[in-house]
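Next comes work-v2.csv, a file with CSV, C-alpha atoms and all ligand atoms.
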```csv
chain,number,residue,atom,x,y,z
A,54,MET,CA,100.4,102.0,98.7
A,55,PRO,CA,103.6,104.1,98.7
A,56,SER,CA,105.6,104.8,101.8
A,57,LEU,CA,107.0,108.4,102.0
A,58,LEU,CA,110.0,107.3,104.0
A,59,LEU,CA,112.5,107.8,101.2
A,60,CYS,CA,110.8,110.7,99.4
A,61,ASP,CA,112.3,114.2,99.1
A,62,PHE,CA,111.1,115.9,102.3
A,63,GLY,CA,112.4,119.2,101.0
A,64,ASN,CA,109.7,119.0,98.4
A,65,LEU,CA,107.0,117.2,100.4
A,66,ALA,CA,103.9,118.8,98.8
A,67,ARG,CA,105.4,118.1,95.3
A,68,GLU,CA,106.1,114.5,96.2
A,69,ILE,CA,102.5,114.0,97.4
A,70,GLU,CA,101.1,115.6,94.3
A,71,ARG,CA,103.3,113.3,92.1
A,72,LEU,CA,102.3,110.2,94.0
A,73,GLU,CA,98.6,111.0,93.9
A,74,ALA,CA,98.9,111.8,90.1
A,75,ALA,CA,100.7,108.4,89.7
A,76,GLY,CA,97.7,106.6,91.2
A,77,ALA,CA,98.5,106.2,94.9
A,78,ARG,CA,95.4,105.1,96.6
A,79,ALA,CA,96.7,106.0,100.1
A,80,LEU,CA,99.9,107.3,101.7
A,81,HIS,CA,101.9,105.4,104.2
A,82,LEU,CA,103.6,107.5,106.9
A,83,ASP,CA,106.4,105.9,108.9
A,84,VAL,CA,106.7,107.5,112.3
A,85,MET,CA,109.9,106.4,114.1
A,86,ASP,CA,111.0,107.5,117.5
A,87,GLY,CA,114.7,106.5,117.6
A,88,ARG,CA,113.8,104.1,120.5
A,89,PHE,CA,111.5,101.4,119.3
A,90,VAL,CA,113.5,101.5,116.1
A,91,PRO,CA,117.0,103.1,115.6
A,92,GLN,CA,115.9,105.8,113.3
A,93,LEU,CA,114.0,109.0,114.1
A,94,THR,CA,111.7,110.4,111.4
A,95,TYR,CA,108.9,112.7,112.2
A,96,GLY,CA,105.7,113.0,114.2
A,97,PRO,CA,102.3,114.7,114.2
A,98,VAL,CA,103.5,118.0,112.7
A,99,VAL,CA,104.7,116.5,109.5
A,100,CYS,CA,101.8,114.1,109.4
A,101,GLU,CA,99.4,117.0,109.6
A,102,ALA,CA,101.2,118.8,106.8
A,103,VAL,CA,100.8,115.6,104.7
A,104,ARG,CA,97.1,115.4,105.7
A,105,ARG,CA,96.6,119.0,104.5
A,106,ALA,CA,98.4,118.5,101.2
A,107,SER,CA,96.8,115.2,100.3
A,108,THR,CA,93.4,114.1,99.1
A,109,VAL,CA,93.8,110.3,99.6
A,110,PRO,CA,93.6,108.5,102.9
A,111,ILE,CA,96.7,108.6,105.1
A,112,GLU,CA,97.9,105.6,107.1
A,113,VAL,CA,100.2,106.3,110.0
A,114,HIS,CA,102.6,103.4,110.9
A,115,LEU,CA,103.7,104.1,114.5
A,116,MET,CA,107.1,102.5,115.1
A,117,ILE,CA,107.3,104.1,118.5
A,118,GLU,CA,107.4,103.0,122.2
A,119,ASP,CA,104.1,103.3,124.1
A,120,PRO,CA,101.9,104.6,121.2
A,121,ALA,CA,98.9,104.8,123.5
A,122,ARG,CA,100.4,108.0,124.9
A,123,THR,CA,100.3,109.9,121.6
A,124,VAL,CA,97.8,108.2,119.4
A,125,ASP,CA,95.3,111.0,120.0
A,126,HIS,CA,97.6,113.5,118.2
A,127,TYR,CA,97.3,111.4,115.0
A,128,LEU,CA,93.6,110.9,115.4
A,129,ASP,CA,93.2,114.7,115.9
A,130,LEU,CA,95.0,115.5,112.7
A,131,GLY,CA,92.8,113.2,110.7
A,132,ALA,CA,94.7,110.0,110.2
A,133,ASP,CA,92.4,107.5,108.4
A,134,CYS,CA,94.3,104.5,109.7
A,135,ILE,CA,96.7,104.0,112.5
A,136,THR,CA,99.0,101.0,112.9
A,137,VAL,CA,100.6,100.2,116.2
A,138,HIS,CA,103.1,97.5,117.0
A,139,VAL,CA,102.1,94.6,119.2
A,140,GLU,CA,105.6,94.7,120.7
A,141,ALA,CA,105.2,98.3,121.8
A,142,VAL,CA,101.9,98.2,123.6
A,143,ASP,CA,100.9,96.9,127.0
A,144,ASP,CA,97.1,97.0,126.6
A,145,VAL,CA,96.6,96.2,122.9
A,146,ARG,CA,92.9,95.9,123.2
A,147,ALA,CA,92.6,99.4,124.7
A,148,VAL,CA,94.7,101.1,122.0
A,149,LEU,CA,92.8,99.5,119.2
A,150,ALA,CA,89.5,100.5,120.8
A,151,ALA,CA,90.7,104.1,121.3
A,152,ILE,CA,91.5,104.3,117.5
A,153,ARG,CA,88.3,102.7,116.4
A,154,ARG,CA,86.2,104.9,118.7
A,155,ARG,CA,87.4,108.0,116.8
A,156,GLY,CA,86.3,106.4,113.5
A,157,ALA,CA,89.8,105.5,112.2
A,158,PHE,CA,90.9,102.0,111.1
A,159,ALA,CA,93.0,100.3,113.8
A,160,HIS,CA,95.8,98.0,112.5
A,161,LEU,CA,98.2,95.9,114.4
A,162,SER,CA,101.8,95.2,113.2
A,163,LEU,CA,104.3,92.6,114.1
A,164,ASN,CA,108.1,92.4,113.6
A,165,PRO,CA,109.7,89.5,111.6
A,166,SER,CA,110.8,87.8,114.8
A,167,THR,CA,107.5,88.2,116.6
A,168,PRO,CA,105.3,85.1,116.4
A,169,LEU,CA,101.8,85.3,115.1
A,170,SER,CA,100.5,84.0,118.5
A,171,ARG,CA,101.1,87.6,119.8
A,172,VAL,CA,98.5,89.1,117.5
A,173,GLU,CA,96.0,86.1,117.4
A,174,PRO,CA,94.1,87.1,120.5
A,175,HIS,CA,93.4,90.6,119.0
A,176,LEU,CA,92.2,89.7,115.5
A,177,GLU,CA,88.5,90.3,116.5
A,178,HIS,CA,89.4,93.8,117.6
A,179,CYS,CA,91.5,95.2,114.7
A,180,ASP,CA,90.7,96.2,111.1
A,181,GLY,CA,94.0,94.9,109.8
A,182,VAL,CA,97.3,93.2,110.5
A,183,LEU,CA,100.5,94.6,108.9
A,184,VAL,CA,103.1,91.9,108.6
A,185,MET,CA,106.6,93.3,108.7
A,186,SER,CA,108.8,91.7,106.0
A,187,VAL,CA,111.9,93.6,107.1
A,188,GLU,CA,113.2,94.7,110.5
A,189,PRO,CA,111.4,98.0,110.9
A,190,GLY,CA,113.5,101.2,110.9
A,191,PHE,CA,114.8,101.7,107.4
A,192,GLY,CA,113.7,101.6,103.7
A,193,GLY,CA,115.4,99.7,101.0
A,194,GLN,CA,116.0,96.4,102.9
A,195,ALA,CA,115.5,92.9,101.4
A,196,PHE,CA,112.2,91.1,101.9
A,197,LEU,CA,112.3,88.4,104.6
A,198,PRO,CA,110.4,85.3,103.4
A,199,VAL,CA,109.2,84.5,107.0
A,200,ALA,CA,106.5,87.1,106.3
A,201,LEU,CA,104.9,84.8,103.6
A,202,GLU,CA,104.2,82.1,106.2
A,203,LYS,CA,102.6,84.6,108.5
A,204,ILE,CA,100.4,86.1,105.7
A,205,SER,CA,99.2,82.6,104.7
A,206,SER,CA,98.5,81.6,108.3
A,207,LEU,CA,96.6,84.9,108.8
A,208,SER,CA,94.5,84.3,105.7
A,209,GLU,CA,93.7,80.8,107.0
A,210,ILE,CA,92.8,81.9,110.5
A,211,ARG,CA,90.6,84.7,109.1
A,212,ARG,CA,88.7,82.2,107.0
A,213,ARG,CA,88.4,79.7,109.8
A,214,ARG,CA,87.2,82.2,112.4
A,215,GLY,CA,85.0,84.1,109.9
A,216,LEU,CA,86.8,87.4,110.5
A,217,SER,CA,87.2,90.3,108.1
A,218,PHE,CA,90.5,92.1,109.0
A,219,ARG,CA,92.7,93.1,106.1
A,220,ILE,CA,96.1,91.6,105.7
A,221,GLY,CA,99.0,94.0,104.8
A,222,VAL,CA,102.7,93.6,104.3
A,223,ASP,CA,105.4,96.2,104.7
A,224,GLY,CA,109.1,96.0,103.7
A,225,GLY,CA,111.0,95.0,100.6
A,226,ILE,CA,108.0,94.9,98.3
A,227,SER,CA,109.3,95.1,94.7
A,228,THR,CA,108.6,93.6,91.3
A,229,SER,CA,110.4,90.4,92.5
A,230,THR,CA,108.5,90.0,95.8
A,231,VAL,CA,105.0,91.5,95.3
A,232,ALA,CA,103.5,88.5,93.6
A,233,ALA,CA,104.5,86.0,96.3
A,234,ALA,CA,103.1,88.4,99.0
A,235,ALA,CA,99.8,88.8,97.1
A,236,LYS,CA,99.6,85.1,96.4
A,237,ALA,CA,100.0,84.3,100.1
A,238,GLY,CA,97.1,86.6,100.8
A,239,ALA,CA,98.4,90.2,101.4
A,240,GLU,CA,95.9,92.8,100.2
A,241,LEU,CA,97.6,96.0,101.5
A,242,LEU,CA,101.0,96.2,99.9
A,243,VAL,CA,103.3,99.0,101.2
A,244,ALA,CA,106.2,99.9,98.9
A,245,GLY,CA,108.8,102.5,99.7
A,246,SER,CA,112.0,102.2,97.6
A,247,ALA,CA,110.4,100.3,94.8
A,248,VAL,CA,108.3,103.4,94.0
A,249,ILE,CA,110.4,106.3,95.2
A,250,ARG,CA,113.7,105.2,93.8
A,251,SER,CA,112.1,104.1,90.5
A,252,GLY,CA,112.1,107.6,88.9
A,253,ASP,CA,108.6,106.9,87.4
A,254,TYR,CA,106.1,106.7,90.2
A,255,GLN,CA,103.2,105.9,87.9
A,256,ALA,CA,104.9,103.0,86.1
A,257,ALA,CA,106.2,101.6,89.4
A,258,ILE,CA,102.7,101.7,91.0
A,259,ARG,CA,101.0,100.2,88.0
A,260,THR,CA,103.5,97.4,87.6
A,261,LEU,CA,103.3,96.5,91.3
A,262,GLU,CA,99.5,96.6,91.3
A,263,HIS,CA,99.4,94.5,88.1
A,264,LEU,CA,101.7,91.9,89.4
A,265,ALA,CA,99.7,91.7,92.7
A,266,ARG,CA,96.4,91.4,90.9
A,267,GLU,CA,97.7,88.6,88.6
A,268,ALA,CA,99.1,86.6,91.6
A,269,ALA,CA,96.1,87.1,94.0
B,301,LIG,C1,110.2,100.2,107.3
B,301,LIG,C2,109.0,101.0,107.0
B,301,LIG,C3,108.5,100.8,105.7
B,301,LIG,C4,109.5,101.2,104.6
B,301,LIG,C5,109.4,100.3,103.5
B,301,LIG,O1,110.5,100.3,108.7
B,301,LIG,O2,107.9,100.6,107.9
B,301,LIG,O3,107.2,101.3,105.4
B,301,LIG,O4,109.3,102.5,104.2
B,301,LIG,O5,110.4,100.7,102.6
B,301,LIG,P1,110.8,99.6,101.5
B,301,LIG,O6,109.6,99.3,100.6
B,301,LIG,O7,111.9,100.2,100.8
B,301,LIG,O8,111.3,98.3,102.3
B,302,ZN,ZN,105.9,101.3,107.3
```

Starting from the coordinates I provided, produce the structure as structure tokens.
Ligand code: DX5
Ligand code: ZN
Amino acid sequence: MPSLLLCDFGNLAREIERLEAAGARALHLDVMDGRFVPQLTYGPVVCEAVRRASTVPIEVHLMIEDPARTVDHYLDLGADCITVHVEAVDDVRAVLAAIRRRGAFAHLSLNPSTPLSRVEPHLEHCDGVLVMSVEPGFGGQAFLPVALEKISSLSEIRRRRGLSFRIGVDGGISTSTVAAAAKAGAELLVAGSAVIRSGDYQAAIRTLEHLAREAA
């Protein structure tokens, strides 16, 4: 699934149209507040514009402090999935429940340095776990292999505990890393620069999906 982070925001509607025509199954929106991560991107206003311009599900990745305070804005505008960071939330259970209550998918994310033990108590209460494979904040960074161990462990825990949450990975996904991530058990693969900087969105999405399918 493509991340819009590096797209041409001066031509947002055109970018969305191109990504959908290229086969994007969903759009990943990176909301950054300049506090939880160094960069500041956009908030509900731009997410709503994307929602109106797109026909595929939108997934909002909240890299912000205290997301519980603003999660309703994203639910109101029709986000299909909201990801919050375990490091940024006090009452994880309550935020996940608030998202699910409104009919959206609730995903939990963790940074490369955050141990899996931080998300383990919440696996029954979320619809997905997004493993960060770069330090969140910027597109175009190199994939950190520590993510692979977390993905494999999550896959194993899910099997052992008979759970059904989805496993995602975000950061540094490219033709050289996608197979390892899919083989480890990642099902939701977020790709920013590998798609947006490719010049040919359709070829990039097809290649990544093909490599992931072969490896899974
Ligand atoms: C990073 C964001 C990612 C980013 C991925 O903080 O959460 O979604 O857009 O970009 P690439 O694929 O270039 O690492
Ligand atoms: Zn993201």

- Residues within 6 Å of ligand LIG 301 (chain B) should be enumerated using all atoms listed in the file and returned as number ranges by chain. A: 56, 58, 83, 189-194, 223-226, 244-247

- List the neighbours of A:Leu161 out to 12 Å using all atoms listed in the file; skip same-chain residues closer than 3 positions along the sequence, and give me the result as a ChimeraX atom specification. /A:113-116,120,134-142,145-146,148-150,152,158,164,169,171-185,218-222

For the selection just defined, write its residues with C-alpha atoms to a file, as a tab-separated table (two decimals), in the frame of the given file.
```tsv
chain	number	residue	atom	x	y	z
A	113	VAL	CA	100.20	106.30	110.00
A	114	HIS	CA	102.60	103.40	110.90
A	115	LEU	CA	103.70	104.10	114.50
A	116	MET	CA	107.10	102.50	115.10
A	120	PRO	CA	101.90	104.60	121.20
A	134	CYS	CA	94.30	104.50	109.70
A	135	ILE	CA	96.70	104.00	112.50
A	136	THR	CA	99.00	101.00	112.90
A	137	VAL	CA	100.60	100.20	116.20
A	138	HIS	CA	103.10	97.50	117.00
A	139	VAL	CA	102.10	94.60	119.20
A	140	GLU	CA	105.60	94.70	120.70
A	141	ALA	CA	105.20	98.30	121.80
A	142	VAL	CA	101.90	98.20	123.60
A	145	VAL	CA	96.60	96.20	122.90
A	146	ARG	CA	92.90	95.90	123.20
A	148	VAL	CA	94.70	101.10	122.00
A	149	LEU	CA	92.80	99.50	119.20
A	150	ALA	CA	89.50	100.50	120.80
A	152	ILE	CA	91.50	104.30	117.50
A	158	PHE	CA	90.90	102.00	111.10
A	164	ASN	CA	108.10	92.40	113.60
A	169	LEU	CA	101.80	85.30	115.10
A	171	ARG	CA	101.10	87.60	119.80
A	172	VAL	CA	98.50	89.10	117.50
A	173	GLU	CA	96.00	86.10	117.40
A	174	PRO	CA	94.10	87.10	120.50
A	175	HIS	CA	93.40	90.60	119.00
A	176	LEU	CA	92.20	89.70	115.50
A	177	GLU	CA	88.50	90.30	116.50
A	178	HIS	CA	89.40	93.80	117.60
A	179	CYS	CA	91.50	95.20	114.70
A	180	ASP	CA	90.70	96.20	111.10
A	181	GLY	CA	94.00	94.90	109.80
A	182	VAL	CA	97.30	93.20	110.50
A	183	LEU	CA	100.50	94.60	108.90
A	184	VAL	CA	103.10	91.90	108.60
A	185	MET	CA	106.60	93.30	108.70
A	218	PHE	CA	90.50	92.10	109.00
A	219	ARG	CA	92.70	93.10	106.10
A	220	ILE	CA	96.10	91.60	105.70
A	221	GLY	CA	99.00	94.00	104.80
A	222	VAL	CA	102.70	93.60	104.30
```

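Closest approach to A:Gly238 among A:Arg105, A:Arg266, A:Arg259, A:Arg78: A:Arg266, based on all atoms listed in the file.
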
- Which residues come within 10 Å of A:Val98, counting only C-alpha atoms, excluding same-chain residues fewer than 5 positions away, as JSON, numbers by chain? {"A": [103, 104, 126, 127, 130]}

- Message: Which residues are near stretch 107-112 of chain A? Cut-off 10 Å, only C-alpha atoms, ignore same chain within fewer than 4 positions. Put them as JSON, numbers by chain.
- Response: {"A": [54, 56, 66, 69, 70, 72, 73, 76, 77, 78, 79, 80, 81, 82, 83, 100, 101, 102, 103, 127, 131, 132, 133, 134, 135, 136, 157, 158, 159, 160]}

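Our summary of the geometry notes that atom CA of A:Arg214 is positioned 23.9 Å from atom CA of A:Ala151.
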
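Closest approach to A:Asp125 among A:Pro97, A:Ala232, A:Asp143, A:Ser205: A:Pro97, based on only C-alpha atoms.
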
- Query: For ligand ZN 302 (chain B), which residue out of A:Ala268, A:Cys60, A:Ala256, A:Val243 is the nearest one, using only C-alpha atoms and all ligand atoms?
  - Reply: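 Of A:Ala268, A:Cys60, A:Ala256, A:Val243, the one nearest ligand ZN 302 (chain B) is A:Val243, counting only C-alpha atoms and all ligand atoms.
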
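Between atom CA of A:Leu207 and atom CA of A:Ser227 there is a distance of 21.5 Å.
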
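Distances from A:Ala237, A:Leu163, A:Val84, A:Val199 to ligand ZN 302 (chain B) were compared using all atoms listed in the file, and the smallest one belongs to A:Val84.
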
- Item | Nearest residue to ligand ZN 302 (chain B) from the set A:Ala239, A:Gln255, A:Val187, A:Arg155 (distances using all atoms listed in the file) | A:Val187
